[in-house]
$ cat model-v1.cif   # mmCIF, C-alpha atoms
data_coords
loop_
_atom_site.group_PDB
_atom_site.id
_atom_site.type_symbol
_atom_site.label_atom_id
_atom_site.label_comp_id
_atom_site.auth_asym_id
_atom_site.auth_seq_id
_atom_site.Cartn_x
_atom_site.Cartn_y
_atom_site.Cartn_z
ATOM 1 C CA MET A 1 105.948 84.468 23.025
ATOM 2 C CA THR A 2 106.747 80.960 24.158
ATOM 3 C CA LYS A 3 106.257 77.891 21.973
ATOM 4 C CA ILE A 4 103.348 76.741 24.149
ATOM 5 C CA THR A 5 101.677 80.150 24.032
ATOM 6 C CA LYS A 6 102.093 80.285 20.250
ATOM 7 C CA LYS A 7 100.568 76.816 19.942
ATOM 8 C CA GLN A 8 97.616 77.845 22.155
ATOM 9 C CA GLU A 9 97.087 81.020 20.119
ATOM 10 C CA THR A 10 97.162 79.049 16.856
ATOM 11 C CA ARG A 11 94.622 76.556 18.204
ATOM 12 C CA LYS A 12 92.375 79.396 19.344
ATOM 13 C CA ARG A 13 92.642 81.065 15.932
ATOM 14 C CA ILE A 14 91.693 77.804 14.199
ATOM 15 C CA ILE A 15 88.709 77.247 16.503
ATOM 16 C CA ASN A 16 87.533 80.832 15.955
ATOM 17 C CA ALA A 17 87.847 80.417 12.190
ATOM 18 C CA ALA A 18 85.951 77.121 12.377
ATOM 19 C CA GLY A 19 83.210 78.723 14.461
ATOM 20 C CA GLN A 20 82.823 81.595 12.023
ATOM 21 C CA GLY A 21 82.879 79.250 9.053
ATOM 22 C CA PHE A 22 80.315 76.835 10.479
ATOM 23 C CA ARG A 23 78.040 79.665 11.656
ATOM 24 C CA SER A 24 78.159 81.374 8.252
ATOM 25 C CA ASN A 25 78.124 78.388 5.932
ATOM 26 C CA GLY A 26 76.921 75.394 7.933
ATOM 27 C CA TYR A 27 78.895 72.222 8.440
ATOM 28 C CA ALA A 28 78.680 71.165 4.797
ATOM 29 C CA GLY A 29 79.444 74.655 3.520
ATOM 30 C CA ILE A 30 83.065 74.869 4.610
ATOM 31 C CA GLY A 31 85.904 72.378 4.581
ATOM 32 C CA VAL A 32 89.198 71.937 6.343
ATOM 33 C CA ASP A 33 91.078 73.937 3.705
ATOM 34 C CA GLY A 34 88.644 76.856 4.047
ATOM 35 C CA ILE A 35 88.938 76.873 7.820
ATOM 36 C CA ALA A 36 92.736 76.628 7.672
ATOM 37 C CA LYS A 37 92.924 79.483 5.170
ATOM 38 C CA LYS A 38 90.609 81.635 7.295
ATOM 39 C CA ALA A 39 92.832 80.930 10.330
ATOM 40 C CA GLY A 40 96.009 81.676 8.389
ATOM 41 C CA VAL A 41 97.466 78.192 8.854
ATOM 42 C CA THR A 42 98.172 75.169 6.698
ATOM 43 C CA SER A 43 95.811 72.216 6.509
ATOM 44 C CA GLY A 44 98.526 70.206 8.256
ATOM 45 C CA ALA A 45 98.477 72.626 11.183
ATOM 46 C CA PHE A 46 94.694 72.362 11.274
ATOM 47 C CA TYR A 47 94.880 68.559 11.565
ATOM 48 C CA ALA A 48 97.662 68.768 14.169
ATOM 49 C CA HIS A 49 95.465 70.935 16.397
ATOM 50 C CA LEU A 50 91.946 69.564 15.870
ATOM 51 C CA GLY A 51 92.375 66.202 14.156
ATOM 52 C CA SER A 52 89.390 66.424 11.830
ATOM 53 C CA LYS A 53 86.531 68.566 10.607
ATOM 54 C CA ASP A 54 84.345 66.861 13.227
ATOM 55 C CA GLY A 55 86.886 67.834 15.881
ATOM 56 C CA ALA A 56 86.748 71.431 14.673
ATOM 57 C CA PHE A 57 82.952 71.425 14.801
ATOM 58 C CA GLU A 58 82.950 70.013 18.335
ATOM 59 C CA ALA A 59 85.442 72.659 19.501
ATOM 60 C CA ALA A 60 83.565 75.468 17.744
ATOM 61 C CA LEU A 61 80.253 74.342 19.246
ATOM 62 C CA SER A 62 81.706 74.150 22.767
ATOM 63 C CA VAL A 63 83.364 77.551 22.503
ATOM 64 C CA GLY A 64 80.221 79.092 20.993
ATOM 65 C CA LEU A 65 77.939 77.787 23.735
ATOM 66 C CA ASP A 66 80.489 78.814 26.370
ATOM 67 C CA GLU A 67 80.080 82.386 25.072
ATOM 68 C CA VAL A 68 76.406 82.222 26.064
ATOM 69 C CA ILE A 69 77.290 80.627 29.407
ATOM 70 C CA THR A 70 79.526 83.630 30.079
ATOM 71 C CA ALA A 71 77.036 86.206 28.771
ATOM 72 C CA ILE A 72 73.947 85.218 30.776
ATOM 73 C CA PRO A 73 75.390 86.007 34.243
ATOM 74 C CA GLU A 74 76.853 89.251 32.865
ATOM 75 C CA PHE A 75 73.415 90.356 31.619
ATOM 76 C CA GLN A 76 71.858 89.343 34.940
ATOM 77 C CA LEU A 77 74.474 91.297 36.903
ATOM 78 C CA GLN A 78 74.304 94.410 34.719
ATOM 79 C CA HIS A 79 70.530 94.561 34.249
ATOM 80 C CA GLY A 80 69.071 92.933 37.349
ATOM 81 C CA LYS A 81 65.397 92.020 36.979
ATOM 82 C CA GLN A 82 65.374 93.534 33.479
ATOM 83 C CA TRP A 83 68.028 91.154 32.167
ATOM 84 C CA VAL A 84 65.638 89.176 29.921
ATOM 85 C CA ALA A 85 64.575 92.387 28.166
ATOM 86 C CA ALA A 86 68.189 93.533 27.776
ATOM 87 C CA PHE A 87 69.356 90.120 26.572
ATOM 88 C CA SER A 88 66.441 89.868 24.123
ATOM 89 C CA ASP A 89 67.135 93.350 22.762
ATOM 90 C CA TYR A 90 70.758 92.406 22.170
ATOM 91 C CA TYR A 91 70.003 88.918 20.864
ATOM 92 C CA LEU A 92 67.361 90.091 18.379
ATOM 93 C CA GLY A 93 69.007 93.435 17.590
ATOM 94 C CA GLN A 94 70.041 94.197 14.043
ATOM 95 C CA GLY A 95 73.764 94.028 14.808
ATOM 96 C CA HIS A 96 73.464 90.474 16.118
ATOM 97 C CA ARG A 97 70.974 89.488 13.405
ATOM 98 C CA ASP A 98 73.261 90.699 10.629
ATOM 99 C CA ASN A 99 76.457 89.154 11.992
ATOM 100 C CA LEU A 100 75.952 85.510 11.110
ATOM 101 C CA SER A 101 79.617 84.512 11.422
ATOM 102 C CA SER A 102 79.954 85.880 14.956
ATOM 103 C CA GLY A 103 76.329 85.503 16.008
ATOM 104 C CA CYS A 104 74.980 83.058 18.525
ATOM 105 C CA ALA A 105 76.031 79.434 18.198
ATOM 106 C CA MET A 106 72.687 78.320 19.635
ATOM 107 C CA THR A 107 70.823 79.600 16.590
ATOM 108 C CA THR A 108 73.270 78.731 13.825
ATOM 109 C CA LEU A 109 74.743 75.467 15.074
ATOM 110 C CA SER A 110 71.712 73.753 16.660
ATOM 111 C CA PRO A 111 70.398 72.523 13.276
ATOM 112 C CA GLU A 112 73.872 71.211 12.475
ATOM 113 C CA VAL A 113 74.039 69.246 15.746
ATOM 114 C CA VAL A 114 70.856 67.416 14.763
ATOM 115 C CA ARG A 115 72.820 65.700 11.973
ATOM 116 C CA THR A 116 75.892 64.775 14.028
ATOM 117 C CA LYS A 117 77.031 61.831 16.107
ATOM 118 C CA PRO A 118 75.397 61.050 19.487
ATOM 119 C CA GLU A 119 78.480 62.206 21.439
ATOM 120 C CA LEU A 120 77.973 65.723 20.122
ATOM 121 C CA HIS A 121 74.315 65.614 21.124
ATOM 122 C CA MET A 122 75.476 64.940 24.682
ATOM 123 C CA ILE A 123 77.893 67.889 24.671
ATOM 124 C CA TYR A 124 75.142 70.102 23.263
ATOM 125 C CA GLU A 125 72.639 68.906 25.870
ATOM 126 C CA GLU A 126 75.073 69.512 28.740
ATOM 127 C CA LYS A 127 75.932 73.036 27.565
ATOM 128 C CA MET A 128 72.301 73.961 26.850
ATOM 129 C CA SER A 129 71.252 72.608 30.258
ATOM 130 C CA GLU A 130 73.931 74.792 31.861
ATOM 131 C CA ILE A 131 72.614 77.815 29.945
ATOM 132 C CA VAL A 132 69.066 77.077 31.109
ATOM 133 C CA GLU A 133 70.200 76.655 34.730
ATOM 134 C CA LEU A 134 71.866 80.070 34.578
ATOM 135 C CA MET A 135 68.798 81.633 32.996
ATOM 136 C CA ALA A 136 66.508 80.058 35.598
ATOM 137 C CA GLN A 137 68.428 81.843 38.358
ATOM 138 C CA GLY A 138 67.149 85.150 36.972
ATOM 139 C CA ILE A 139 63.562 84.099 36.268
ATOM 140 C CA ILE A 140 60.641 84.440 38.662
ATOM 141 C CA GLY A 141 58.698 81.287 39.530
ATOM 142 C CA ASN A 142 57.138 79.334 42.358
ATOM 143 C CA SER A 143 59.677 76.523 42.106
ATOM 144 C CA HIS A 144 63.014 75.745 40.556
ATOM 145 C CA GLN A 145 61.247 73.447 38.101
ATOM 146 C CA GLU A 146 58.921 76.268 37.014
ATOM 147 C CA CYS A 147 61.916 78.584 36.508
ATOM 148 C CA LEU A 148 63.669 75.900 34.439
ATOM 149 C CA SER A 149 60.550 75.408 32.351
ATOM 150 C CA LYS A 150 60.276 79.140 31.714
ATOM 151 C CA ALA A 151 63.989 79.320 30.855
ATOM 152 C CA TRP A 152 63.654 76.560 28.227
ATOM 153 C CA ALA A 153 60.650 78.376 26.783
ATOM 154 C CA VAL A 154 62.441 81.749 26.666
ATOM 155 C CA LEU A 155 65.435 80.124 25.006
ATOM 156 C CA GLY A 156 63.231 78.472 22.387
ATOM 157 C CA ILE A 157 61.396 81.729 21.728
ATOM 158 C CA LEU A 158 64.658 83.642 21.263
ATOM 159 C CA ILE A 159 66.350 81.038 19.064
ATOM 160 C CA GLY A 160 63.279 80.687 16.864
ATOM 161 C CA GLY A 161 62.770 84.434 16.745
ATOM 162 C CA LEU A 162 66.348 85.105 15.684
ATOM 163 C CA THR A 163 66.074 82.457 12.976
ATOM 164 C CA MET A 164 62.885 84.053 11.628
ATOM 165 C CA ALA A 165 64.269 87.593 11.827
ATOM 166 C CA ARG A 166 67.350 86.517 9.879
ATOM 167 C CA ALA A 167 65.272 84.733 7.243
ATOM 168 C CA VAL A 168 62.969 87.558 6.174
ATOM 169 C CA ALA A 169 63.887 89.966 3.393
ATOM 170 C CA SER A 170 63.002 93.318 4.937
ATOM 171 C CA ILE A 171 64.497 95.031 7.955
ATOM 172 C CA LYS A 172 61.018 96.341 8.813
ATOM 173 C CA ILE A 173 59.584 92.826 9.193
ATOM 174 C CA ALA A 174 62.740 91.637 10.990
ATOM 175 C CA ASP A 175 62.309 94.502 13.464
ATOM 176 C CA GLN A 176 58.638 93.598 13.966
ATOM 177 C CA ILE A 177 59.627 90.001 14.661
ATOM 178 C CA ALA A 178 62.304 91.165 17.103
ATOM 179 C CA ILE A 179 59.858 93.380 19.006
ATOM 180 C CA SER A 180 57.214 90.646 19.156
ATOM 181 C CA ILE A 181 59.686 87.989 20.242
ATOM 182 C CA THR A 182 61.184 90.258 22.887
ATOM 183 C CA HIS A 183 57.725 90.850 24.368
ATOM 184 C CA ALA A 184 57.003 87.102 24.291
ATOM 185 C CA ALA A 185 60.322 86.322 26.033
ATOM 186 C CA ILE A 186 59.696 88.930 28.741
ATOM 187 C CA ASN A 187 56.122 87.716 29.316
ATOM 188 C CA THR A 188 57.233 84.097 29.456
ATOM 189 C CA ALA A 189 60.010 84.848 31.950
ATOM 190 C CA GLY A 190 57.508 86.574 34.233
#
$ encode --input "model-v1.cif" --output "structure tokens"
Amino acid sequence: MTKITKKQETRKRIINAAGQGFRSNGYAGIGVDGIAKKAGVTSGAFYAHLGSKDGAFEAALSVGLDEVITAIPEFQLQHGKQWVAAFSDYYLGQGHRDNLSSGCAMTTLSPEVVRTKPELHMIYEEKMSEIVELMAQGIIGNSHQECLSKAWAVLGILIGGLTMARAVASIKIADQIAISITHAAINTAG
């Protein structure tokens, strides 16, 4: 492994650890030392790669939203017109619900973005707009604007539904929420 490759791998490991830490614990719930430990590096290495906790959050948010940007076209390709149902089933499924640290950045990190600097709001907006554009390509509507509107609505339904399903105590109620939200997402998408 070359020095550059090792450096890239270390950076990736730190960003992954930051993403898992922020998704599980929120921004205030984990510090630089916790992220560094989770990544298997020193705090000095953390700072050398990401500069600050804010830098780690920005990188983790970008990487997390890029995961969705990659996933949407894959679901559309694999499931055709049924992609919203398949994506909803995955998104609201128990495996995804239970895996907070590796779950969707849209659900876990959106509330954290609300409390951050304006520059991060812009990154978030750009990534979410890209997600919605991709979703709109697989949604039926009379115009591009209608498809975009439906895509924003489906996204809001799914994010809210996952939050609710994660917050209830019983698996039975979480499953009921997931089924209801899936139906709402499918109906909204058309």
$ residues_around --input "model-v1.cif" --residues "stretch 57-62 of chain A" --least-positions-apart "6" --cutoff "9 Å" --atoms "all atoms listed in the file" --output "number ranges by chain"
A: 15-20, 22, 27, 50, 105-106, 109-110, 113, 120, 123-124, 127
$ atom_distance --input "model-v1.cif" --atom1 "atom CA of A:Ser129" --atom2 "atom CA of A:Gln8"
28.1 Å
$ atom_distance --input "model-v1.cif" --atom1 "atom CA of A:Asn99" --atom2 "atom CA of A:Ser24"
8.8 Å
$ atom_distance --input "model-v1.cif" --atom1 "atom CA of A:Ile4" --atom2 "atom CA of A:Ala48"
14.0 Å
$ residues_around --input "model-v1.cif" --residues "A:Ala28" --least-positions-apart "5" --cutoff "12 Å" --atoms "only C-alpha atoms" --output "ChimeraX atom specification"
/A:21-23,34,53-54,57,109,111-112,115-116
$ residues_around --input "model-v1.cif" --residues "stretch 180-186 of chain A" --least-positions-apart "6" --cutoff "12 Å" --atoms "all atoms listed in the file" --output "PyMOL selection string"
chain A and resi 81-93+135+138-140+150-165+173-174
$ residues_near_point --input "model-v1.cif" --point "(95.5, 76.1, 7.3)" --cutoff "12 Å" --atoms "all atoms listed in the file" --output "PyMOL selection string"
chain A and resi 10-11+13-15+17-18+31-50
$ closest_residue --input "model-v1.cif" --among "A:Met128, A:Cys147, A:Ala189, A:Ile177" --to "A:Gln94" --atoms "all atoms listed in the file"
A:Ile177
$ axis_aligned_box --input "model-v1.cif" --around "stretch 140-159 of chain A" --padding-each-side "4 Å" --output "JSON"
{"center_x": 61.7, "center_y": 78.9, "center_z": 30.7, "size_x": 17.2, "size_y": 19.0, "size_z": 31.3}
$ build_atoms --input "model-v1.cif" --residues "stretch 67-81 of chain A" --atoms "N, CA, C and O atoms" --output "PDB file, in the frame of the given file"
ATOM      1  N   GLU A  67      80.296  80.934  25.173  1.00  0.00           N
ATOM      2  CA  GLU A  67      80.080  82.386  25.072  1.00  0.00           C
ATOM      3  C   GLU A  67      78.746  82.761  25.711  1.00  0.00           C
ATOM      4  O   GLU A  67      78.648  83.775  26.408  1.00  0.00           O
ATOM      5  N   VAL A  68      77.722  81.964  25.475  1.00  0.00           N
ATOM      6  CA  VAL A  68      76.406  82.222  26.064  1.00  0.00           C
ATOM      7  C   VAL A  68      76.457  81.984  27.571  1.00  0.00           C
ATOM      8  O   VAL A  68      75.887  82.760  28.348  1.00  0.00           O
ATOM      9  N   ILE A  69      77.147  80.939  27.981  1.00  0.00           N
ATOM     10  CA  ILE A  69      77.290  80.627  29.407  1.00  0.00           C
ATOM     11  C   ILE A  69      77.959  81.788  30.139  1.00  0.00           C
ATOM     12  O   ILE A  69      77.601  82.106  31.274  1.00  0.00           O
ATOM     13  N   THR A  70      78.877  82.455  29.496  1.00  0.00           N
ATOM     14  CA  THR A  70      79.526  83.630  30.079  1.00  0.00           C
ATOM     15  C   THR A  70      78.620  84.854  30.043  1.00  0.00           C
ATOM     16  O   THR A  70      78.585  85.640  30.988  1.00  0.00           O
ATOM     17  N   ALA A  71      77.861  85.007  28.965  1.00  0.00           N
ATOM     18  CA  ALA A  71      77.036  86.206  28.771  1.00  0.00           C
ATOM     19  C   ALA A  71      75.834  86.292  29.709  1.00  0.00           C
ATOM     20  O   ALA A  71      75.508  87.387  30.195  1.00  0.00           O
ATOM     21  N   ILE A  72      75.177  85.185  29.963  1.00  0.00           N
ATOM     22  CA  ILE A  72      73.947  85.218  30.776  1.00  0.00           C
ATOM     23  C   ILE A  72      74.189  85.844  32.152  1.00  0.00           C
ATOM     24  O   ILE A  72      73.491  86.801  32.526  1.00  0.00           O
ATOM     25  N   PRO A  73      75.164  85.371  32.937  1.00  0.00           N
ATOM     26  CA  PRO A  73      75.390  86.007  34.243  1.00  0.00           C
ATOM     27  C   PRO A  73      75.778  87.488  34.131  1.00  0.00           C
ATOM     28  O   PRO A  73      75.427  88.290  35.006  1.00  0.00           O
ATOM     29  N   GLU A  74      76.491  87.849  33.056  1.00  0.00           N
ATOM     30  CA  GLU A  74      76.853  89.251  32.865  1.00  0.00           C
ATOM     31  C   GLU A  74      75.605  90.110  32.648  1.00  0.00           C
ATOM     32  O   GLU A  74      75.488  91.194  33.224  1.00  0.00           O
ATOM     33  N   PHE A  75      74.667  89.625  31.830  1.00  0.00           N
ATOM     34  CA  PHE A  75      73.415  90.356  31.619  1.00  0.00           C
ATOM     35  C   PHE A  75      72.620  90.430  32.921  1.00  0.00           C
ATOM     36  O   PHE A  75      72.042  91.473  33.241  1.00  0.00           O
ATOM     37  N   GLN A  76      72.589  89.346  33.678  1.00  0.00           N
ATOM     38  CA  GLN A  76      71.858  89.343  34.940  1.00  0.00           C
ATOM     39  C   GLN A  76      72.469  90.328  35.930  1.00  0.00           C
ATOM     40  O   GLN A  76      71.737  91.051  36.618  1.00  0.00           O
ATOM     41  N   LEU A  77      73.784  90.383  35.992  1.00  0.00           N
ATOM     42  CA  LEU A  77      74.474  91.297  36.903  1.00  0.00           C
ATOM     43  C   LEU A  77      74.268  92.750  36.491  1.00  0.00           C
ATOM     44  O   LEU A  77      73.956  93.612  37.312  1.00  0.00           O
ATOM     45  N   GLN A  78      74.407  93.031  35.205  1.00  0.00           N
ATOM     46  CA  GLN A  78      74.304  94.410  34.719  1.00  0.00           C
ATOM     47  C   GLN A  78      72.878  94.954  34.702  1.00  0.00           C
ATOM     48  O   GLN A  78      72.674  96.153  34.889  1.00  0.00           O
ATOM     49  N   HIS A  79      71.892  94.069  34.470  1.00  0.00           N
ATOM     50  CA  HIS A  79      70.530  94.561  34.249  1.00  0.00           C
ATOM     51  C   HIS A  79      69.517  94.109  35.301  1.00  0.00           C
ATOM     52  O   HIS A  79      68.338  94.461  35.191  1.00  0.00           O
ATOM     53  N   GLY A  80      69.963  93.357  36.277  1.00  0.00           N
ATOM     54  CA  GLY A  80      69.071  92.933  37.349  1.00  0.00           C
ATOM     55  C   GLY A  80      67.820  92.246  36.826  1.00  0.00           C
ATOM     56  O   GLY A  80      67.886  91.389  35.955  1.00  0.00           O
ATOM     57  N   LYS A  81      66.666  92.641  37.354  1.00  0.00           N
ATOM     58  CA  LYS A  81      65.397  92.020  36.979  1.00  0.00           C
ATOM     59  C   LYS A  81      65.026  92.257  35.517  1.00  0.00           C
ATOM     60  O   LYS A  81      64.178  91.564  34.973  1.00  0.00           O
TER      61      LYS A  81
END
